[in-house]
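Encoded as structure tokens, the structure appears first; notes follow it.
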Amino acid sequence: MPLPDFLVIGVPKAGTTALHAALSRHPQLFLPSVKEPKFFLSDGPPPARGGPGDAQTYSEHVWKQAGYEALFAPAPDGALLGEATPFYLYDLDAQNRIERIIPKAKLVVLLRNPVDRAHSNWTHLWAAGLEAERDFVRACALEEGRKADGWAHFWHYVSQGRYGEQLDHLFRRFAREQVLLLRYRDLRDSPVPTLDRVCEFLGVETGLLDAVPSENVTPFVADTRTNAMLRALLRNGGKVGQHFPVSLRKVARGPLLTLLQRERGGRPQLTPEQRRAVLPYFVEDIARLEQITGLSYADWLAVGQESDIID
């Protein structure tokens, strides 16, 4: 049975969904419709519980190898197979499993300013009604307690942004020529040349992809009394919903999400004060990242604003 030739392994909220959508349009590539199957995140069944919404997410993991291989069965003959699960870079055990099962796979990594990535991650869970902490800086400070309580990777706003330690582990297991390292801003500001870089790296024809679709962009959700009630319903409903099939959960959750995300407007932007408060979590690791890659990430140390176009 087939296994992937390449993986998009990181990082969450850095354009991986958009890249998956773009690559799916290439005639020489096949990516399954199930984005983020998360197969390499566990050796067996994922945990049954965690933070808000985690049990439902865990229930959607494609963790059996037969089920994972079946995702690639519809691929046309000769197509390169791939999938995108942006937690593979962060999860060091997942890196080990990839090395064991598909050691020759090519790996694509998208990195984003870790402060902006963390804020986008927090905004995503806030807009989904799952994040109860209104203050982004406070939410980052709560991370260690949440990790100790078994909350899933997507709640690790700070730890997911420590790319230096993650790449250090990766480069001890895979040859550097197997890894393509990109930046979020490459995909955002120069989408076509960046797609050609990915295609060249994978060994397929360039010049066939002319756009990166806007995918998985977090909607605006205001902090109002009505929205607070809706978000509480979504969080508490998740505790009950884990006992029901996915189709029924979506039927129940859909109308609440539609109401919560009914407003239109700009997403809340990081303030310079918030950026200064969170940046110290990453300064040492950014230096480590620069040492490992030989590239400069000095712009991440500035207290500026990053425009969100794709997530």
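Residue numbering restarts at 1 in every chain; chains get A, B, ... in the order shown in the structure tokens, and ligands count up from 1 in that same order.
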
Using only C-alpha atoms, tabulate the residues of region 96-164 of chain A lying at most 9 Å from any atom of region 67-89 of chain A, each with its closest atom pair and that distance in Å to one decimal, by chain and increasing residue number, as a tab-separated table.
```
residue	atom	partner	partner_atom	distance
A:Ile98	CA	A:Tyr88	CA	8.7
A:Val108	CA	A:Ala84	CA	9.0
A:Val109	CA	A:Leu89	CA	7.8
A:Leu110	CA	A:Pro86	CA	8.7
A:His153	CA	A:Phe87	CA	7.3
A:Phe154	CA	A:Phe87	CA	8.2
A:Gln160	CA	A:Phe87	CA	8.3
A:Tyr163	CA	A:Leu89	CA	8.3
```

- Shell around Gly207 (chain A) at 7 Å using only C-alpha atoms, local window under 2 positions removed, as a ChimeraX atom specification: /A:196,205,209

Would you save the residues from that selection as a CSV table (one decimal), in the first residue's frame, using C-alpha atoms?
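Produced file out.csv, reproduced below:
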```csv
chain,number,residue,atom,x,y,z
A,196,ASP,CA,7.9,26.9,-7.9
A,205,GLU,CA,7.2,20.5,-13.2
A,209,LEU,CA,0.7,26.8,-10.0
```

- Message: With only C-alpha atoms as the counted atoms, please give the residues lying no more than 7 Å from region 268-278 of chain A, apart from itself and same-chain residues fewer than 4 positions off, as a PyMOL selection string.
- Response: chain A and resi 115+137+303

Would you mind exporting the chosen residues as a short mmCIF file (atom, residue, chain, number, x, y, z; two decimals), in the first residue's frame, restricted to N, CA and C atoms?
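Final output, saved to part12.cif:
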```
data_model
loop_
_atom_site.label_atom_id
_atom_site.label_comp_id
_atom_site.auth_asym_id
_atom_site.auth_seq_id
_atom_site.Cartn_x
_atom_site.Cartn_y
_atom_site.Cartn_z
N VAL A 115 5.99 35.08 17.50
CA VAL A 115 5.01 35.87 18.25
C VAL A 115 3.71 35.97 17.45
N VAL A 137 -1.52 37.54 26.23
CA VAL A 137 -0.29 37.41 27.02
C VAL A 137 -0.52 36.45 28.19
N VAL A 303 9.74 45.04 17.13
CA VAL A 303 8.39 45.20 17.67
C VAL A 303 7.55 45.89 16.59
#
```

At a cut-off of 12 Å, can you tabulate as a Markdown table every residue of region 160-226 of chain A near region 25-29 of chain A together with its closest atom pair and the distance in Å to one decimal, using only C-alpha atoms and ordering rows by chain then number?
```
| residue | atom | partner | partner_atom | distance |
| --- | --- | --- | --- | --- |
| A:Leu195 | CA | A:His26 | CA | 10.3 |
| A:Asp196 | CA | A:His26 | CA | 11.0 |
| A:Val198 | CA | A:His26 | CA | 11.3 |
| A:Cys199 | CA | A:His26 | CA | 9.0 |
| A:Leu202 | CA | A:Leu29 | CA | 9.3 |
| A:Gly203 | CA | A:Gln28 | CA | 9.6 |
| A:Val204 | CA | A:Gln28 | CA | 6.6 |
| A:Glu205 | CA | A:Gln28 | CA | 7.8 |
| A:Thr206 | CA | A:His26 | CA | 9.4 |
| A:Gly207 | CA | A:His26 | CA | 9.9 |
| A:Leu208 | CA | A:His26 | CA | 6.8 |
| A:Leu209 | CA | A:His26 | CA | 6.7 |
| A:Asp210 | CA | A:Arg25 | CA | 10.0 |
| A:Ala211 | CA | A:Arg25 | CA | 10.1 |
| A:Val212 | CA | A:Arg25 | CA | 10.3 |
| A:Pro213 | CA | A:Arg25 | CA | 10.7 |
```

Please dump the current selection as a PDB file, in the first residue's frame; keep C-alpha atoms.
```pdb
ATOM      1  CA  LEU A 195       5.312  27.442  -5.169  1.00  0.00           C
ATOM      2  CA  ASP A 196       7.904  26.928  -7.890  1.00  0.00           C
ATOM      3  CA  VAL A 198       8.407  23.741  -3.604  1.00  0.00           C
ATOM      4  CA  CYS A 199       7.773  22.022  -6.944  1.00  0.00           C
ATOM      5  CA  LEU A 202       9.785  17.836  -4.971  1.00  0.00           C
ATOM      6  CA  GLY A 203      11.029  17.183  -8.504  1.00  0.00           C
ATOM      7  CA  VAL A 204       7.855  18.025 -10.407  1.00  0.00           C
ATOM      8  CA  GLU A 205       7.201  20.528 -13.172  1.00  0.00           C
ATOM      9  CA  THR A 206       7.348  24.197 -12.208  1.00  0.00           C
ATOM     10  CA  GLY A 207       5.202  27.000 -13.633  1.00  0.00           C
ATOM     11  CA  LEU A 208       1.898  25.148 -13.247  1.00  0.00           C
ATOM     12  CA  LEU A 209       0.690  26.767 -10.017  1.00  0.00           C
ATOM     13  CA  ASP A 210      -0.176  30.447 -10.224  1.00  0.00           C
ATOM     14  CA  ALA A 211      -1.847  31.247  -6.895  1.00  0.00           C
ATOM     15  CA  VAL A 212      -2.036  30.396  -3.207  1.00  0.00           C
ATOM     16  CA  PRO A 213      -5.666  30.279  -2.140  1.00  0.00           C
TER      17      PRO A 213
END
```

- Message: From the options A:Leu167, A:Val34, A:Arg49, A:Asn121, which residue's atoms come nearest to Ile9 (chain A), counting only C-alpha atoms?
- Response: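 Using only C-alpha atoms, Ile9 (chain A) sits closest to A:Leu167.
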
- Task: DSSP on the backbone, then: every residue of region 83-231 of chain A marked helix (DSSP H, G or I), written as an NGL selection string.
- Result: :A and (92-101 or 114-127 or 136-141 or 143-148 or 153-155 or 159-161 or 163-171 or 176-178 or 184-189 or 191-202 or 225-231)

What would the file look like if the residues just selected were written as a tab-separated table (two decimals), in the first residue's frame with C-alpha atoms?
```
chain	number	residue	atom	x	y	z
A	92	LEU	CA	9.78	15.17	18.26
A	93	ASP	CA	8.37	11.64	18.60
A	94	ALA	CA	6.53	12.21	15.33
A	95	GLN	CA	9.85	13.09	13.70
A	96	ASN	CA	11.23	9.77	14.95
A	97	ARG	CA	8.27	7.85	13.55
A	98	ILE	CA	8.64	9.54	10.16
A	99	GLU	CA	12.31	8.56	10.11
A	100	ARG	CA	11.40	4.97	10.93
A	101	ILE	CA	8.54	4.55	8.43
A	114	PRO	CA	6.80	33.00	16.52
A	115	VAL	CA	5.01	35.87	18.25
A	116	ASP	CA	2.64	36.34	15.32
A	117	ARG	CA	2.19	32.60	15.01
A	118	ALA	CA	1.27	32.31	18.69
A	119	HIS	CA	-1.19	35.20	18.44
A	120	SER	CA	-2.83	33.73	15.33
A	121	ASN	CA	-3.09	30.39	17.14
A	122	TRP	CA	-4.75	32.03	20.16
A	123	THR	CA	-7.09	34.00	17.86
A	124	HIS	CA	-8.07	30.78	16.07
A	125	LEU	CA	-9.09	29.04	19.29
A	126	TRP	CA	-10.79	32.18	20.57
A	127	ALA	CA	-12.85	32.43	17.37
A	136	PHE	CA	-3.29	36.72	24.76
A	137	VAL	CA	-0.29	37.41	27.02
A	138	ARG	CA	-2.01	35.68	29.93
A	139	ALA	CA	-2.89	32.72	27.71
A	140	CYS	CA	0.80	32.28	26.90
A	141	ALA	CA	1.64	32.37	30.60
A	143	GLU	CA	0.83	27.20	28.85
A	144	GLU	CA	2.93	25.14	31.23
A	145	GLY	CA	-0.07	24.34	33.41
A	146	ARG	CA	-2.12	23.40	30.39
A	147	LYS	CA	0.64	21.13	29.10
A	148	ALA	CA	0.86	19.45	32.52
A	153	HIS	CA	-0.38	20.58	20.81
A	154	PHE	CA	-2.54	23.37	19.40
A	155	TRP	CA	-2.76	24.93	22.87
A	159	SER	CA	6.43	25.89	22.66
A	160	GLN	CA	5.32	25.44	19.06
A	161	GLY	CA	7.29	28.57	18.15
A	163	TYR	CA	11.78	26.24	15.98
A	164	GLY	CA	15.47	26.07	16.83
A	165	GLU	CA	15.13	23.08	19.12
A	166	GLN	CA	12.69	21.42	16.70
A	167	LEU	CA	14.97	21.79	13.68
A	168	ASP	CA	18.00	20.74	15.70
A	169	HIS	CA	16.24	17.43	16.35
A	170	LEU	CA	15.07	17.15	12.73
A	171	PHE	CA	18.51	17.71	11.22
A	176	ARG	CA	19.48	18.71	5.04
A	177	GLU	CA	18.78	18.16	1.34
A	178	GLN	CA	15.58	16.36	2.37
A	184	TYR	CA	5.44	32.42	5.92
A	185	ARG	CA	6.19	35.76	4.31
A	186	ASP	CA	7.59	33.93	1.24
A	187	LEU	CA	4.21	32.32	0.64
A	188	ARG	CA	2.35	35.52	1.49
A	189	ASP	CA	4.43	38.04	-0.47
A	191	PRO	CA	3.38	33.06	-3.77
A	192	VAL	CA	4.21	31.94	-7.32
A	193	PRO	CA	8.01	31.85	-6.96
A	194	THR	CA	7.57	30.09	-3.62
A	195	LEU	CA	5.31	27.44	-5.17
A	196	ASP	CA	7.90	26.93	-7.89
A	197	ARG	CA	10.55	26.42	-5.19
A	198	VAL	CA	8.41	23.74	-3.60
A	199	CYS	CA	7.77	22.02	-6.94
A	200	GLU	CA	11.46	22.11	-7.86
A	201	PHE	CA	12.32	20.64	-4.46
A	202	LEU	CA	9.78	17.84	-4.97
A	225	ARG	CA	-21.57	39.34	26.38
A	226	THR	CA	-23.54	37.47	23.71
A	227	ASN	CA	-20.39	35.97	22.24
A	228	ALA	CA	-19.17	34.98	25.71
A	229	MET	CA	-22.37	32.94	26.14
A	230	LEU	CA	-21.93	31.31	22.73
A	231	ARG	CA	-18.31	30.46	23.44
```

- Restricting the calculation to only C-alpha atoms, which member of A:Val283, A:Ala298, A:Ala21, A:Ala105 is positioned closest to Phe6 (chain A)?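 Smallest separation from Phe6 (chain A) among the options: A:Ala105.
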
- Per-residue DSSP, region 50-107 of chain A, filtered to strand (DSSP E or B), as a list in words: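 Here are the strand (DSSP E or B) residues of region 50-107 of chain A: Leu80, Leu81, Gly82, Glu83, Ala84, Lys106 and Leu107 of chain A.
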
File dump, residues just selected, N, CA and C atoms, as a PDB file, in the first residue's frame:
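Saved to part_22.pdb:
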```pdb
ATOM      1  N   LEU A  80       3.304  11.878  -7.221  1.00  0.00           N
ATOM      2  CA  LEU A  80       3.973  11.922  -5.931  1.00  0.00           C
ATOM      3  C   LEU A  80       2.923  12.121  -4.846  1.00  0.00           C
ATOM      4  N   LEU A  81       3.062  11.386  -3.760  1.00  0.00           N
ATOM      5  CA  LEU A  81       2.076  11.419  -2.685  1.00  0.00           C
ATOM      6  C   LEU A  81       2.573  12.289  -1.542  1.00  0.00           C
ATOM      7  N   GLY A  82       1.666  13.069  -0.976  1.00  0.00           N
ATOM      8  CA  GLY A  82       2.055  13.909   0.144  1.00  0.00           C
ATOM      9  C   GLY A  82       0.882  14.238   1.030  1.00  0.00           C
ATOM     10  N   GLU A  83       1.183  14.737   2.214  1.00  0.00           N
ATOM     11  CA  GLU A  83       0.139  15.230   3.115  1.00  0.00           C
ATOM     12  C   GLU A  83       0.721  16.323   3.987  1.00  0.00           C
ATOM     13  N   ALA A  84      -0.158  17.087   4.632  1.00  0.00           N
ATOM     14  CA  ALA A  84       0.257  18.217   5.459  1.00  0.00           C
ATOM     15  C   ALA A  84      -0.326  18.086   6.858  1.00  0.00           C
ATOM     16  N   LYS A 106      10.666  13.640   1.568  1.00  0.00           N
ATOM     17  CA  LYS A 106      11.051  15.050   1.536  1.00  0.00           C
ATOM     18  C   LYS A 106      10.115  15.817   2.463  1.00  0.00           C
ATOM     19  N   LEU A 107      10.676  16.792   3.165  1.00  0.00           N
ATOM     20  CA  LEU A 107       9.948  17.487   4.215  1.00  0.00           C
ATOM     21  C   LEU A 107       9.939  18.984   3.941  1.00  0.00           C
TER      22      LEU A 107
END
```

- Gap from CA of Asp135 (chain A) to CA of Pro52 (chain A) - Å, one decimal: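 A separation of 17.1 Å between them.
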
- Message: What does the structure give for the distance between CA of Phe282 (chain A) and CA of Leu301 (chain A), in Å to one decimal?
- Response: 8.9 Å

- Task: May I ask for the distance between CA of Lys104 (chain A) and CA of Glu60 (chain A), given in Å to one decimal place?
- Result: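 Computing it gives 27.0 Å between the two atoms.
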